[in-house]
Amino acid sequence: MARDKKPSNSTAIIVSVSFASAVWLFAGIVLLGYLAKSPPSCVGTFSCLTLDTWGTYLSGVFAPLAFFWLVATVWIQSRELAQQREELALTRREFEHNREVMKAQSDYVGAQTDTVIRDQADHELLMMLRLFRTWALSNLSKPEHRVPGMDAGPFTKQTPDDPIDFIVAVSGRLAHPVFMITFIDDKRYIEEFKHLTAETVEELAQHYDRIFAIRSRVSPANAAL
């Protein structure tokens, strides 16, 4: 596809019209004035012109000049308006680009902020799990099994040291007898809870409530846990 010609600038238009005006004035005043036929009684063309004829002559000479400059003005304005439209289009594209860049930066900052918040929540969850492990080893075992360096409680015996694996194991051991008592109606499993006081059960529920309440702020992996 052929490339569009670059439009003339305002200076070139003014120079062209000025040159055309000079040529027209020269032709109108010098050539037409001296080449026009004069009556025999007049010496030269201009000496025979009256006030009315002078007005007619000058209007005939300068009217085309006014038309030239009117056309030139409209042409210059049309070129300037076209350039302004191009500049506005470039500015609009630049604004759109800047908006996309700012949106990308905002998304990045939001993602970084969300990551920091989740990291803090994960750290807080880990502290809760460690606190729960320390509390469970001291309170869920039977009184006679609470010997330093020894853990023989039914819920915490031979549990992992990792706090995440620990709560998973303890929760499974707590859930099984509760399920057997509630849904199977096997009263034998009540014996596993008789050594727990009401205060211990309430503290256990509070630990689980605090851990469960943080699920919306932690990472997806810990939220699944």
# chains A, B, ... in the order shown; residues from 1 in each chain; ligands from 1
$ residues_around --residues "region 67-80 of chain A" --least-positions-apart "3" --cutoff "9 Å" --atoms "only C-alpha atoms" --output "number ranges by chain"
A: 7-10, 13-14, 17-18, 20-21, 62-64, 83-85
$ select_by_dssp --residues "region 103-171 of chain A" --states "alpha helix (DSSP H)" --output "PyMOL selection string"
chain A and resi 103-139+163-171
$ atom_distance --atom1 "CA of Lys103 (chain A)" --atom2 "CA of Ser219 (chain A)"
24.1 Å
$ residues_around --residues "Gln120 (chain A)" --least-positions-apart "6" --cutoff "10 Å" --atoms "only C-alpha atoms" --output "list in words"
Asp114, Leu126, Arg217, Val218 and Ser219 of chain A
$ write_last_selection --atoms "N, CA and C atoms" --output "short mmCIF file (atom, residue, chain, number, x, y, z; two decimals), in the first residue's frame"
data_model
loop_
_atom_site.label_atom_id
_atom_site.label_comp_id
_atom_site.auth_asym_id
_atom_site.auth_seq_id
_atom_site.Cartn_x
_atom_site.Cartn_y
_atom_site.Cartn_z
N ASP A 114 -0.61 -9.40 49.41
CA ASP A 114 -1.34 -10.61 49.79
C ASP A 114 -0.38 -11.71 50.23
N LEU A 126 1.59 -21.37 62.53
CA LEU A 126 2.63 -22.28 63.03
C LEU A 126 2.84 -22.07 64.53
N ARG A 217 -7.00 -16.42 56.15
CA ARG A 217 -5.83 -15.56 55.93
C ARG A 217 -4.57 -16.31 55.58
N VAL A 218 -4.57 -17.61 55.73
CA VAL A 218 -3.35 -18.37 55.48
C VAL A 218 -3.29 -18.79 54.01
N SER A 219 -2.17 -19.41 53.62
CA SER A 219 -1.99 -19.88 52.27
C SER A 219 -2.96 -21.02 51.97
#
$ closest_residue --among "A:Ala104, A:Ala27, A:Val201, A:Val61" --to "Trp135 (chain A)" --atoms "only C-alpha atoms"
A:Val201
$ residues_around --residues "Leu140 (chain A)" --least-positions-apart "3" --cutoff "8 Å" --atoms "only C-alpha atoms" --output "count of residues only"
7
$ atom_distance --atom1 "CA of Arg133 (chain A)" --atom2 "CA of Pro163 (chain A)"
6.3 Å
